[in-house]
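> The structure is given below, and queries will be raised subsequently.
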Amino acid sequence: MNDTKPAIEIRDARVSFHGKTVLEKIDCEFHPRSATAVIGSSGSGKTTLLRTIARMNDGMDGFRFRGKAFVQGSDIYGNGTDVCSLRRKVGMVFQKPCVFPKSVFENAVFGLKHHQPERKKEFPELAERFLREAFLWDEVKDRLHQPAAVLSQGQQQRLAIARALAVGPEIFLMDEPTASLDPKSTQAIEELVRSLKEKHCVVLATHNLGQARRLCEEVLFVSDGRIRESGPAGRVFDNPLDEEARAYLSQ
Amino acid sequence: MRRRIVDNAARGLLFLTTLAGCSLLALILFAVVRRGLPSMSIEFLTREARDFGLEGGIFHQIAGTLILTASAGIVSFPIALGSALFQTEFLKSPGWKQTLRIATYTLNGVPTILFGLTGYMFFGAFLGMGVSWVTGALILAVMILPTVQISVLEAIESIPAHYRETGMALGLTPWAQIRAIVLPQSFYGIVTGVLLGLARAAGETAAIMFTATAFSGAGIPRSLSGPVSTLQTHILVLAQEAVNPKAVANAWGAGLALTALVFALMLSALWARSRLRLESHR
């Protein structure tokens with residue numbers, strides 16, 4: 001199931017803001033072609049962990065990282081890291097779908113326009129390809145040039161995923177991607193995650209334990225900024241070793 | 001009962017202050033329109049002034065005001081935009097951000113005559129530019145810089161944070177973020193800022209009175225070192241001839257033209273701001 005070489009590896013990491021520790025003693029790894037659920041209550045550090053992997057906290061005031069974090073073997077907090085290249089490898093999907101005030105098509109090729117402007121003529125085909133991969137093509141093929149804002153929340157989230165896919169990431173960090181969606185849209189996103197994990201390393205932060213069980217092979221339970229429990233999903237859900245994890249999972 | 005009386009009295013008082021402010025503005029506007037309208041005609045707007053403004057029209061003065069205002073805008077806009085982008089996109093230290101902001105607001109409050117005085121000493125005397133279009137444009141540019149900068153800064157800061165986050169997450173470089181997200185999303189806000197700055201420059205007299213404008217005889221400047229004739233100084237010169245009814249009538253006419261110009265800029269700024277709101281709700 002898991003490739004031997006991890007896509008993401010974090011060793012003895014500590015994250016703080018203005019000296020206040022938010023994550024500590026983080027040791028974990030995430031493998032290619034598999035999905036790992038990051039579960040835990042609100043404020044436990046799930047989002048910070050995901051953002052740390054994509055170096056999305058860099059611009060935040062007082063942010064400090066200690067330890068080591070590797071993406072495909074490269075030390076991402078080492079000197080000389082090209083943060084923009086890293087973020088192209090590590091796609092991120094946020095809790096609230098964000099579409100730009102542009103058309104569906106423009107949103108789908110937004111990243112491509114900046115990374116591969118020379119392929120402009122291929123944009124229509126590429127847009128179709130990634131919208132298909134995001135299971136959205138059939139719903140938007142007749143309104144590609146309408147504002148993306150008219151789409152439903154679930155469709156917007158899939159458009160955001162198609163836009164991220166177009167940049168060619170090998171890792172997908174999904175921060176509660178279904179938290180603001182209705183059950184039908186949630187089902188569509190879950191289907192998409194199943195498809196994504198066949199080719200990508202997917203890290204899914206979620207409050208929905210059923211979703212974590214349905215989609216993920218591995219589970220990581222985070223509480224108060226520390227990983228309390230980690231392992232194969234079946235084992236963690238059925239027989240958690242940590243007391244806090246047991247209490248959380250029994251809710 | 002007592003609370004209701006106090007409430008009504010406060011409401012009445014506030015209404016009166018609003019009425020007083022609006023009435024005063026309406027009165028000034030009414031006076032400008034009533035007294036300026038008799039002088040207004042196509043000929044007045046399209047002919048050159050003759051006989052120190054007693055005869056002819058205000059064509060050169062309108063052109064001079066537009067030239068000086070536009071030049072000031074052209075000089076100040078890139079500086080304001082660059083500075084605002086530096087503060088919002090690259091400067092991380094909150095302390096420095098705050099310091100720069102305080103400096104900008106302080107600069108905005110400096111009396112305009114001081115801009116004229118120091119501007120003339122530096123550009124006109126020290127750099128030897130004299131009383132000229134370029135001196136006036138530079139002084140006005142410095143004068144409107146804080147106005148434009150504050151508006152541009154506010155427009156850029158009003159961009160929803162998740163747009164930037166999404167751009168970052170897609171691996172856009174800071175410059176690509178500026179081109180793809182910051183500038184398009186704040187476009188109308190930036191336009192508003194520039195127009196407000198231009199309106200301020202168009203109405204300004206003190207800063208350019210002795211630095212860029214000739215009181216008579218100047219036409220459209222043939223070079224950057226030539227003086228400019230503007231509506232503001234034209235009004236000033238004609239008003240000094242208060243004993244001559246023709247001069248006073250022409251001063252009111254020029255005043256109406258200047259008011260119309262500033263109003264047009266202000267209305268355009270309002271339009272741009274309303275577009276900004278519409279865009280942000282899309």
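Residue numbering restarts at 1 in every chain; chains get A, B, ... in the order shown in the structure tokens, and ligands count up from 1 in that same order.
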Within 8 Å of chain A, which residues of chain B are there when counting only C-alpha atoms? Please give them as number ranges by chain.
B: 92-93, 162-163, 165-173, 176, 279, 282
> The selected residues should be written to file as a short mmCIF file (atom, residue, chain, number, x, y, z; two decimals), in the first residue's frame (atoms: C-alpha atoms).

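What ended up in result.cif:
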data_model
loop_
_atom_site.label_atom_id
_atom_site.label_comp_id
_atom_site.auth_asym_id
_atom_site.auth_seq_id
_atom_site.Cartn_x
_atom_site.Cartn_y
_atom_site.Cartn_z
CA LYS B 92 6.73 42.22 7.19
CA SER B 93 7.57 44.25 10.28
CA HIS B 162 -8.13 34.18 0.97
CA TYR B 163 -7.35 35.46 -2.55
CA GLU B 165 -3.62 32.61 0.25
CA THR B 166 -4.98 30.87 -2.83
CA GLY B 167 -2.40 32.57 -5.04
CA MET B 168 0.36 31.57 -2.63
CA ALA B 169 -0.90 28.00 -2.48
CA LEU B 170 -0.76 27.83 -6.29
CA GLY B 171 2.92 28.68 -6.13
CA LEU B 172 2.68 32.20 -7.51
CA THR B 173 5.75 34.35 -6.93
CA ALA B 176 2.94 37.14 -10.06
CA GLU B 279 -16.53 43.79 -7.70
CA ARG B 282 -19.15 39.30 -6.95
#
> Could you name the residues that touch region 211-217 of chain A at 9 Å or less, counting only C-alpha atoms, but leaving out those on the same chain fewer than 4 positions away, as an MDAnalysis selection string?
chainID A and resid 1 34:39 190:191 193:194 202:207 231:234 237
> Which residues are near Ala155 (chain B)? Cut-off 9 Å, only C-alpha atoms, ignore same chain within fewer than 6 positions. Put them as a list of chain:residue names.
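The filter keeps B:Gln185, B:Ser186, B:Phe187, B:Tyr188, B:Gly189, B:Ile190, B:Thr192, B:Gly193, B:Leu276.
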> Which residues, written as a PyMOL selection string, have at least one atom at most 7 Å from Glu9 (chain A), with only C-alpha atoms counted and residues fewer than 5 positions away on the same chain left out?
chain A and resi 28-30+69-71
> I'd like the neighbourhood of Leu140 (chain B) as a list of chain:residue names, where a residue qualifies if any of its atoms comes within 8 Å (using only C-alpha atoms), though same-chain residues fewer than 3 positions away should be ignored.
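These residues fall inside the cut-off: B:Thr69, B:Ala72, B:Gly136, B:Ala137, B:Met143, B:Ile144, B:Ala201, B:Ala207, B:Ile208.
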> To one decimal place, how far is CA of Thr65 (chain B) from CA of Arg273 (chain B) in Å?
24.4 Å
> Could you tell me how far CA of Ala199 (chain B) lies from CA of Leu117 (chain B), in Å and to one decimal?
21.2 Å
> Hey, what's within 10 Å of Pro174 (chain B) if we count only C-alpha atoms and toss same-chain stuff fewer than 4 positions away? As a list in words, please?
Cys84 of chain A; Glu89, Phe90, Arg164, Gly167, Met168, Ile178, Arg179, Ala180 and Val182 of chain B
> Identify which of the residues B:Leu224, B:Leu25, B:Ala49, B:Ile67 lies closest to Thr135 (chain B), counting only C-alpha atoms when measuring atom-to-atom distances.
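Ranking B:Leu224, B:Leu25, B:Ala49, B:Ile67 by distance to Thr135 (chain B), first place goes to B:Leu224.
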> From a DSSP pass on the backbone, collect the residues of region 10-247 of chain B flagged as helix (DSSP H, G or I) and hand them back as number ranges by chain.
B: 10-39, 42-46, 51-53, 59-90, 94-108, 112-126, 133-157, 161-169, 174-202, 231-240, 245-247
> Where in region 37-222 of chain B does DSSP assign strand (DSSP E or B), given as number ranges by chain?
B: 49-50, 55-56, 213
> Write the residues you've just listed into a file as a tab-separated table (two decimals), in the first residue's frame, and include all heavy atoms for each of them.

chain	number	residue	atom	x	y	z
B	49	ALA	N	-7.33	84.03	-23.19
B	49	ALA	CA	-7.56	85.27	-22.43
B	49	ALA	C	-6.81	86.43	-23.10
B	49	ALA	O	-5.72	86.23	-23.64
B	49	ALA	CB	-7.06	85.07	-21.01
B	50	ARG	N	-7.44	87.56	-23.09
B	50	ARG	CA	-6.77	88.76	-23.61
B	50	ARG	C	-6.92	89.86	-22.58
B	50	ARG	O	-7.81	89.82	-21.73
B	50	ARG	CB	-7.42	89.20	-24.94
B	50	ARG	CG	-6.96	88.35	-26.13
B	50	ARG	CD	-7.59	88.83	-27.43
B	50	ARG	NE	-9.00	88.44	-27.53
B	50	ARG	CZ	-10.03	89.30	-27.47
B	50	ARG	NH1	-9.83	90.59	-27.33
B	50	ARG	NH2	-11.26	88.87	-27.56
B	55	GLU	N	-10.81	90.23	-21.27
B	55	GLU	CA	-11.46	89.85	-22.53
B	55	GLU	C	-11.08	88.40	-22.86
B	55	GLU	O	-10.17	87.83	-22.28
B	55	GLU	CB	-10.98	90.77	-23.67
B	55	GLU	CG	-11.32	92.24	-23.48
B	55	GLU	CD	-12.82	92.53	-23.45
B	55	GLU	OE1	-13.57	91.80	-24.12
B	55	GLU	OE2	-13.22	93.47	-22.75
B	56	GLY	N	-11.81	87.86	-23.82
B	56	GLY	CA	-11.49	86.50	-24.27
B	56	GLY	C	-12.00	85.44	-23.31
B	56	GLY	O	-12.97	85.67	-22.56
B	213	THR	N	3.05	78.85	-12.00
B	213	THR	CA	2.09	79.57	-12.82
B	213	THR	C	2.50	81.02	-13.07
B	213	THR	O	3.07	81.69	-12.21
B	213	THR	CB	0.72	79.56	-12.16
B	213	THR	OG1	0.85	80.12	-10.87
B	213	THR	CG2	0.16	78.16	-12.07
> Within 7 Å of Val131 (chain B), counting only C-alpha atoms, which residues show up once you throw out same-chain ones fewer than 5 positions away? Write them as a PyMOL selection string, please.
chain B and resi 124+210-213+227
> Counting only C-alpha atoms, which residue out of A:Ser103, A:Gln72, A:Ser185, A:Gln155 sits closest to Glu170 (chain A)?
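The closest residue to Glu170 (chain A) is A:Gln72.
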> Restricting the calculation to only C-alpha atoms: of B:Leu68, B:Ile74, B:Leu14, B:Leu153, which residue gets closest to Lys97 (chain B)?
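Going through B:Leu68, B:Ile74, B:Leu14, B:Leu153 one by one, the smallest distance to Lys97 (chain B) is for B:Leu153.
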> May I ask for the distance between CA of Val219 (chain A) and CA of His18 (chain A), given in Å to one decimal place?
29.7 Å
> Could you check the closest approach to Asp224 (chain A) for each of A:Ile8, A:Ala13, A:Leu23, A:Ala179 and tell me which residue wins, using only C-alpha atoms?
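Between A:Ile8, A:Ala13, A:Leu23, A:Ala179, the residue approaching Asp224 (chain A) most closely is A:Leu23.
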> Have a look at B:Leu100, B:Ala257, B:Leu66, B:Ile139 and name the one nearest to Thr88 (chain B); count only C-alpha atoms.
B:Leu100
